[in-house]
Structure formats: C-alpha cells, structure tokens
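Text of coords15.txt, listed as compact mmCIF, C-alpha atoms:
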# COMPACT_ATOMS: atom_id res chain seq x y z
CA MET A 1 23.34 244.26 309.12
CA THR A 2 27.03 245.06 308.55
CA PRO A 3 29.19 241.97 308.09
CA ALA A 4 32.23 241.32 310.30
CA ALA A 5 35.51 242.47 308.79
CA THR A 6 38.85 240.67 308.80
CA ILE A 7 42.36 242.02 308.24
CA PHE A 8 44.27 239.72 305.87
CA LEU A 9 47.93 240.25 306.71
CA ILE A 10 50.38 239.03 304.05
CA ASP A 11 54.15 239.19 304.55
CA ASP A 12 56.90 236.68 303.86
CA GLN A 13 58.67 237.59 307.12
CA GLU A 14 57.25 235.72 310.11
CA SER A 15 58.46 238.41 312.54
CA VAL A 16 56.49 241.07 310.65
CA ARG A 17 53.36 238.91 310.56
CA HIS A 18 53.65 238.30 314.28
CA SER A 19 54.28 241.91 315.31
CA LEU A 20 51.66 243.45 313.01
CA GLY A 21 49.16 240.72 313.86
CA GLU A 22 49.53 241.45 317.56
CA LEU A 23 49.29 245.19 316.96
CA LEU A 24 46.08 244.91 314.93
CA SER A 25 44.57 242.47 317.43
CA VAL A 26 45.17 245.03 320.19
CA PHE A 27 43.12 247.51 318.14
CA GLY A 28 40.27 244.99 318.05
CA PHE A 29 40.70 243.67 314.50
CA ALA A 30 40.21 240.01 313.59
CA VAL A 31 43.43 239.05 311.81
CA GLU A 32 44.36 236.21 309.47
CA THR A 33 48.02 235.92 308.41
CA PHE A 34 49.58 234.47 305.26
CA PRO A 35 53.26 233.97 304.30
CA SER A 36 52.65 234.86 300.67
CA ALA A 37 50.11 236.36 298.29
CA ASP A 38 49.85 232.99 296.57
CA ALA A 39 48.90 231.30 299.86
CA PHE A 40 46.26 233.97 300.43
CA LEU A 41 44.82 233.63 296.93
CA ALA A 42 44.69 229.83 297.28
CA GLU A 43 42.46 230.12 300.36
CA LEU A 44 40.46 233.18 299.30
CA GLU A 45 36.73 232.67 299.47
CA ALA A 46 34.50 234.39 296.93
CA VAL A 47 32.84 236.71 299.43
CA ARG A 48 34.91 238.13 302.25
CA VAL A 49 34.73 241.53 303.91
CA GLY A 50 37.84 243.20 305.22
CA VAL A 51 41.15 244.78 304.24
CA VAL A 52 44.29 243.21 302.82
CA VAL A 53 47.55 244.49 304.31
CA ALA A 54 50.36 243.15 302.15
CA ASP A 55 54.08 243.64 301.65
CA VAL A 56 55.03 244.83 298.18
CA ARG A 57 58.12 242.68 297.70
CA MET A 58 57.41 238.98 298.27
CA PRO A 59 58.47 235.75 296.56
CA GLY A 60 55.96 234.67 293.93
CA THR A 61 53.09 237.08 293.45
CA ASP A 62 54.17 240.50 294.74
CA GLY A 63 51.90 243.09 296.37
CA ILE A 64 51.14 245.06 293.21
CA ALA A 65 50.44 241.87 291.23
CA LEU A 66 48.11 240.82 294.07
CA VAL A 67 46.10 244.03 293.69
CA ARG A 68 45.74 243.37 289.96
CA GLU A 69 44.78 239.72 290.52
CA LEU A 70 42.05 240.66 293.01
CA ALA A 71 40.67 243.13 290.46
CA ARG A 72 40.82 240.47 287.72
CA ARG A 73 38.82 238.10 289.93
CA GLY A 74 36.31 240.79 290.78
CA VAL A 75 37.16 240.56 294.50
CA ARG A 76 36.35 243.90 296.13
CA LEU A 77 38.83 243.81 298.98
CA PRO A 78 40.71 247.07 299.60
CA VAL A 79 44.49 246.65 299.79
CA VAL A 80 46.97 248.61 301.90
CA LEU A 81 50.50 247.94 300.65
CA ILE A 82 53.56 248.21 302.89
CA SER A 83 57.22 248.29 301.86
CA GLY A 84 60.65 248.68 303.37
CA HIS A 85 62.10 249.58 299.97
CA ALA A 86 59.62 252.20 298.89
CA ASP A 87 60.20 254.86 296.29
CA VAL A 88 57.94 257.29 294.49
CA ALA A 89 57.68 255.15 291.35
CA MET A 90 56.64 252.12 293.39
CA ALA A 91 54.03 254.10 295.30
CA VAL A 92 52.60 255.50 292.07
CA ALA A 93 52.50 252.03 290.51
CA ALA A 94 50.70 250.66 293.57
CA ILE A 95 48.01 253.34 293.53
CA LYS A 96 47.58 253.04 289.76
CA ALA A 97 47.11 249.28 290.17
CA GLY A 98 44.24 249.99 292.57
CA ALA A 99 45.82 249.86 296.05
CA ASP A 100 43.94 251.94 298.62
CA ASP A 101 47.06 253.12 300.41
CA PHE A 102 50.83 252.73 300.52
CA ILE A 103 52.82 252.82 303.76
CA GLU A 104 56.58 252.65 304.21
CA LYS A 105 58.39 250.54 306.81
CA PRO A 106 59.11 250.99 309.64
CA ILE A 107 55.36 251.18 309.95
CA ASP A 108 53.77 253.93 311.98
CA ASP A 109 51.01 252.23 314.01
CA THR A 110 48.68 255.21 313.78
CA ALA A 111 49.13 255.57 310.01
CA LEU A 112 48.42 251.88 309.42
CA VAL A 113 45.30 251.78 311.60
CA ALA A 114 44.04 255.02 310.01
CA ALA A 115 44.55 253.55 306.51
CA ILE A 116 42.68 250.38 307.49
CA ASN A 117 39.83 252.37 309.04
CA ARG A 118 39.49 254.52 305.91
CA ALA A 119 39.37 251.42 303.72
CA LEU A 120 36.79 249.75 305.98
CA ALA A 121 34.65 252.89 306.04
CA ARG A 122 34.53 252.91 302.22
CA THR A 123 33.79 249.17 302.18
CA PHE A 124 30.89 249.47 304.61
CA GLN A 125 29.47 252.47 302.73
CA GLU A 126 29.53 250.45 299.51
CA PHE A 127 27.97 247.49 301.31
CA ALA A 128 25.18 249.64 302.75
CA ALA A 129 24.54 251.25 299.35
CA GLN A 130 24.35 247.83 297.69
CA ARG A 131 21.96 246.47 300.31
CA SER A 132 19.81 249.59 299.97
CA LYS A 133 19.70 249.20 296.18
CA GLU A 134 18.75 245.53 296.49
CA SER A 135 15.96 246.43 298.91
CA LEU A 136 14.74 249.11 296.51
CA ALA A 137 14.68 246.61 293.63
CA VAL A 138 12.61 244.20 295.74
CA ARG A 139 10.05 246.94 296.45
CA PHE A 140 9.90 247.90 292.78
CA LYS A 141 9.14 244.29 291.79
CA ARG A 142 5.97 244.51 293.91
CA LEU A 143 4.49 247.06 291.48
CA THR A 144 1.97 245.89 288.90
CA PRO A 145 2.56 246.69 285.20
CA ARG A 146 0.02 249.55 285.41
CA GLN A 147 1.66 250.92 288.54
CA ILE A 148 5.06 250.80 286.82
CA GLU A 149 3.59 252.71 283.88
CA ILE A 150 2.30 255.42 286.21
CA PHE A 151 5.50 255.35 288.29
CA ASP A 152 7.50 256.20 285.16
CA LEU A 153 5.17 259.03 284.20
CA VAL A 154 5.17 260.51 287.71
CA VAL A 155 8.98 260.61 287.92
CA GLU A 156 9.15 262.14 284.45
CA GLY A 157 7.13 265.07 285.82
CA TYR A 158 3.62 264.37 284.57
CA THR A 159 0.80 265.64 286.77
CA SER A 160 -2.06 263.36 287.74
CA HIS A 161 -4.31 265.24 285.30
CA ALA A 162 -1.81 264.79 282.47
CA ILE A 163 -1.38 261.09 283.27
CA ALA A 164 -5.16 260.62 283.30
CA ALA A 165 -5.45 262.21 279.87
CA LYS A 166 -2.52 260.20 278.50
CA LEU A 167 -3.85 256.86 279.75
CA ALA A 168 -7.54 257.65 279.22
CA ILE A 169 -8.44 257.03 282.86
CA SER A 170 -9.86 259.30 285.55
CA THR A 171 -7.70 261.59 287.66
CA ARG A 172 -9.13 259.91 290.75
CA THR A 173 -7.88 256.53 289.48
CA VAL A 174 -4.44 258.00 288.86
CA GLU A 175 -4.36 259.41 292.39
CA SER A 176 -5.31 256.00 293.74
CA TYR A 177 -2.50 254.37 291.78
CA ARG A 178 -0.05 257.04 292.96
CA ALA A 179 -0.95 256.38 296.59
CA GLU A 180 -0.42 252.64 296.10
CA ILE A 181 2.92 253.26 294.40
CA MET A 182 4.13 255.57 297.18
CA ASP A 183 3.10 252.97 299.75
CA LYS A 184 4.80 250.04 298.03
CA MET A 185 7.96 252.05 297.33
CA GLU A 186 7.96 253.46 300.87
CA ALA A 187 8.39 256.94 299.41
CA GLU A 188 7.07 259.88 301.39
CA SER A 189 7.23 262.31 298.47
CA VAL A 190 7.57 262.52 294.70
CA ALA A 191 11.14 263.78 295.21
CA VAL A 192 12.01 260.50 296.94
CA LEU A 193 10.30 258.60 294.12
CA VAL A 194 12.43 260.46 291.57
CA ARG A 195 15.64 259.59 293.45
CA GLN A 196 14.52 255.96 293.56
CA ALA A 197 13.88 255.97 289.81
CA ILE A 198 17.41 257.28 289.22
CA ARG A 199 18.94 254.57 291.41
CA LEU A 200 16.86 251.94 289.61
CA GLY A 201 18.14 253.20 286.27
CA ARG A 202 14.66 254.17 285.06
CA LEU A 203 15.43 257.89 284.93
CA ALA A 204 18.58 259.68 283.84
CA PRO A 205 20.06 261.88 286.58
Can you dump the structure from the file as structure tokens?
Amino acid sequence: MTPAATIFLIDDQESVRHSLGELLSVFGFAVETFPSADAFLAELEAVRVGVVVADVRMPGTDGIALVRELARRGVRLPVVLISGHADVAMAVAAIKAGADDFIEKPIDDTALVAAINRALARTFQEFAAQRSKESLAVRFKRLTPRQIEIFDLVVEGYTSHAIAAKLAISTRTVESYRAEIMDKMEAESVAVLVRQAIRLGRLAP
C-alpha cells in the first residue's frame, strides 16, 4: 500500500507560503508550511513520505544546506528548490548537492506541480521496489538450508541431473526440491528465480 505524501513548503516569506500552500492544496496535495529550514528540521520525523519545496535563500540554514543536511541524516525526501535570485552557478550547486529540481521565481504553477509529480513518482517507485525486495527476502527465509543449496545451484545454471550428481541424491529428489522452492518463492519459471537471486544478492547480474 502506497503511503500518503505531504508537500513540505519552506519559505521565510509568509505571503509565499500562503500563496503556494493554497495553490498546492487546489491540486490536491496535503501541505505543511515552515518559516525556515531549521524549523522544518526541528520537527522532522524519521520516516515521512513527500516532497520538500524550499526557497534557496533563507535565514539560518539555506536551501542548499538543507539538501545536504537531509542527505547527512539519511532522510530520503526529494527537494525542489525555488529562488528569486537564481543564476546558473546556484542551479548547478543545487543539483550537485542533490536537489531534484530548481525553479526560478516568479513560479510557474505548471512547472512546480510537474516537478513535484516527477519527484513523487520516483519516490513511490523506490518505495514499491523496497517493499517488493522486503517481501522477496521474507519468502527466501522460508527455504530450508537444503532448499537454499539447491536454489543457488539452479540459478547458477545447473540442471537437475547435474545437481543430483553434485549432491549425491536422486534426480527425482532434486525435482521435488525445485518444485518446493518455486512454490515458496512464488516463481513461475527459472528465469524469475534467477532475477530473484540477483535482487537478493546471491547471484551477480
């Protein structure tokens, strides 16, 4: 299930917070506003899903420093920086610091919403991939040590006959193990099993 996303709007000008907050609310976004990056960081919870929209030039921690601080804390919130005093060097510095996008004031509504939607799309893709990997790890933990041994041999390309010879068991027993492995891993083919092994880090891509 995809978590609800929030737009964290940070600007030291109350008029900007009000106007952008209303704009984003009209587009259906849940919005939380902050007068400074420091105020935002003071209230930041460890796990939040959303996008930060922040002015570059603010008293205290500026927008670019905010991007770096979020990275230092390991907070994976995409940041869209906005500025009324933008130049090429500032934009380059923002992107190098890890900002997802950089938009100049006066802000074009369409450009801002598009930047937020792109950032959210990447966030939800990462979230889905992480959840999928966690689910895969849970399934893998259901395998017995013998099944793991055969799992590794199957994804390395060994045939059932070759596995039987290597482990000194019958081919029929190997086939039985393979069926159990495919069932527990919810894999409909060996190709799927191989992709799972790569994602689990048990096989080099």
message: Please list as an MDAnalysis selection string every residue within 9 Å of Gly63 (chain A), counting all atoms listed in the file and excluding residues in the same chain fewer than 6 positions away.
response: chainID A and resid 10 37 54:57 79 81:82 94
Just the selected residues (C-alpha atoms), exported as a PDB file, in the frame of the given file, please.
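Printed below is out_16.pdb as written:
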ATOM      1  CA  ILE A  10      50.380 239.030 304.050  1.00  0.00           C
ATOM      2  CA  ALA A  37      50.110 236.360 298.290  1.00  0.00           C
ATOM      3  CA  ALA A  54      50.360 243.150 302.150  1.00  0.00           C
ATOM      4  CA  ASP A  55      54.080 243.640 301.650  1.00  0.00           C
ATOM      5  CA  VAL A  56      55.030 244.830 298.180  1.00  0.00           C
ATOM      6  CA  ARG A  57      58.120 242.680 297.700  1.00  0.00           C
ATOM      7  CA  VAL A  79      44.490 246.650 299.790  1.00  0.00           C
ATOM      8  CA  LEU A  81      50.500 247.940 300.650  1.00  0.00           C
ATOM      9  CA  ILE A  82      53.560 248.210 302.890  1.00  0.00           C
ATOM     10  CA  ALA A  94      50.700 250.660 293.570  1.00  0.00           C
TER      11      ALA A  94
END
- line: Counting all atoms listed in the file, closest pick from A:Gln196, A:Thr171, A:Thr110, A:Ser83 relative to Glu134 (chain A) is A:Gln196
7 Å contact set for region 22-36 of chain A, only C-alpha atoms, chain neighbours under 5 positions out, as a CSV table (one decimal) with C-alpha atoms, in the frame of the given file:
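File written: around00.csv
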chain,number,residue,atom,x,y,z
A,6,THR,CA,38.8,240.7,308.8
A,7,ILE,CA,42.4,242.0,308.2
A,8,PHE,CA,44.3,239.7,305.9
A,9,LEU,CA,47.9,240.2,306.7
A,10,ILE,CA,50.4,239.0,304.0
A,11,ASP,CA,54.2,239.2,304.6
A,12,ASP,CA,56.9,236.7,303.9
A,17,ARG,CA,53.4,238.9,310.6
A,58,MET,CA,57.4,239.0,298.3
message: Please list as a PyMOL selection string every residue within 9 Å of Ala99 (chain A), counting only C-alpha atoms and excluding residues in the same chain fewer than 3 positions away.
response: chain A and resi 64+67-68+78-81+93-96+102
File of the preceding selection, C-alpha atoms, as a JSON list (two decimals), in the coordinates of the input:
[["chain", "number", "residue", "atom", "x", "y", "z"],
["A", 64, "ILE", "CA", 51.14, 245.06, 293.21],
["A", 67, "VAL", "CA", 46.10, 244.03, 293.69],
["A", 68, "ARG", "CA", 45.74, 243.37, 289.96],
["A", 78, "PRO", "CA", 40.71, 247.07, 299.60],
["A", 79, "VAL", "CA", 44.49, 246.65, 299.79],
["A", 80, "VAL", "CA", 46.97, 248.61, 301.90],
["A", 81, "LEU", "CA", 50.50, 247.94, 300.65],
["A", 93, "ALA", "CA", 52.50, 252.03, 290.51],
["A", 94, "ALA", "CA", 50.70, 250.66, 293.57],
["A", 95, "ILE", "CA", 48.01, 253.34, 293.53],
["A", 96, "LYS", "CA", 47.58, 253.04, 289.76],
["A", 102, "PHE", "CA", 50.83, 252.73, 300.52]]
Give me, as CSV, each residue of region 84-171 of chain A that comes within 9 Å of region 176-189 of chain A, together with its shortest interatomic pair and the distance in Å at one decimal, counting only C-alpha atoms, with rows ordered by chain and rising residue number.
residue,atom,partner,partner_atom,distance
A:Leu136,CA,A:Met185,CA,7.4
A:Arg139,CA,A:Met185,CA,5.6
A:Phe140,CA,A:Met185,CA,6.5
A:Arg142,CA,A:Lys184,CA,7.0
A:Leu143,CA,A:Ile181,CA,7.0
A:Arg146,CA,A:Tyr177,CA,8.4
A:Gln147,CA,A:Tyr177,CA,6.3
A:Ile148,CA,A:Ile181,CA,8.3
A:Ile150,CA,A:Arg178,CA,7.3
A:Phe151,CA,A:Ile181,CA,7.0
A:Val154,CA,A:Arg178,CA,8.2
A:Ser160,CA,A:Arg178,CA,8.4
A:Thr171,CA,A:Ser176,CA,8.6
task: Go ahead and find all residues with at least one atom no further than 10 Å from (44.1, 250.6, 308.6) in the file's coordinates, using only C-alpha atoms; report them as a list of chain:residue names.
output: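 The requested residues, written out, are A:Ile7, A:Leu24, A:Phe29, A:Val51, A:Val52, A:Val53, A:Val79, A:Val80, A:Asp101, A:Asp109, A:Thr110, A:Ala111, A:Leu112, A:Val113, A:Ala114, A:Ala115, A:Ile116, A:Asn117, A:Arg118, A:Ala119, A:Leu120.
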query: Between A:Val49, A:Leu70, A:Leu44, A:Leu203, which has the minimum distance to Phe127 (chain A) (counting only C-alpha atoms)?
result: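 Answer, going by the shortest atom-to-atom distance: A:Val49.
Interatomic distance, CA of Arg73 (chain A) against CA of Glu126 (chain A): 18.2 Å.
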message: Just checking: using only C-alpha atoms, which residue out of A:Asp100, A:Glu175, A:Glu149, A:Asp38 ends up closest to His161 (chain A)?
response: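 Of the candidates, the smallest distance to His161 (chain A) is held by A:Glu175.
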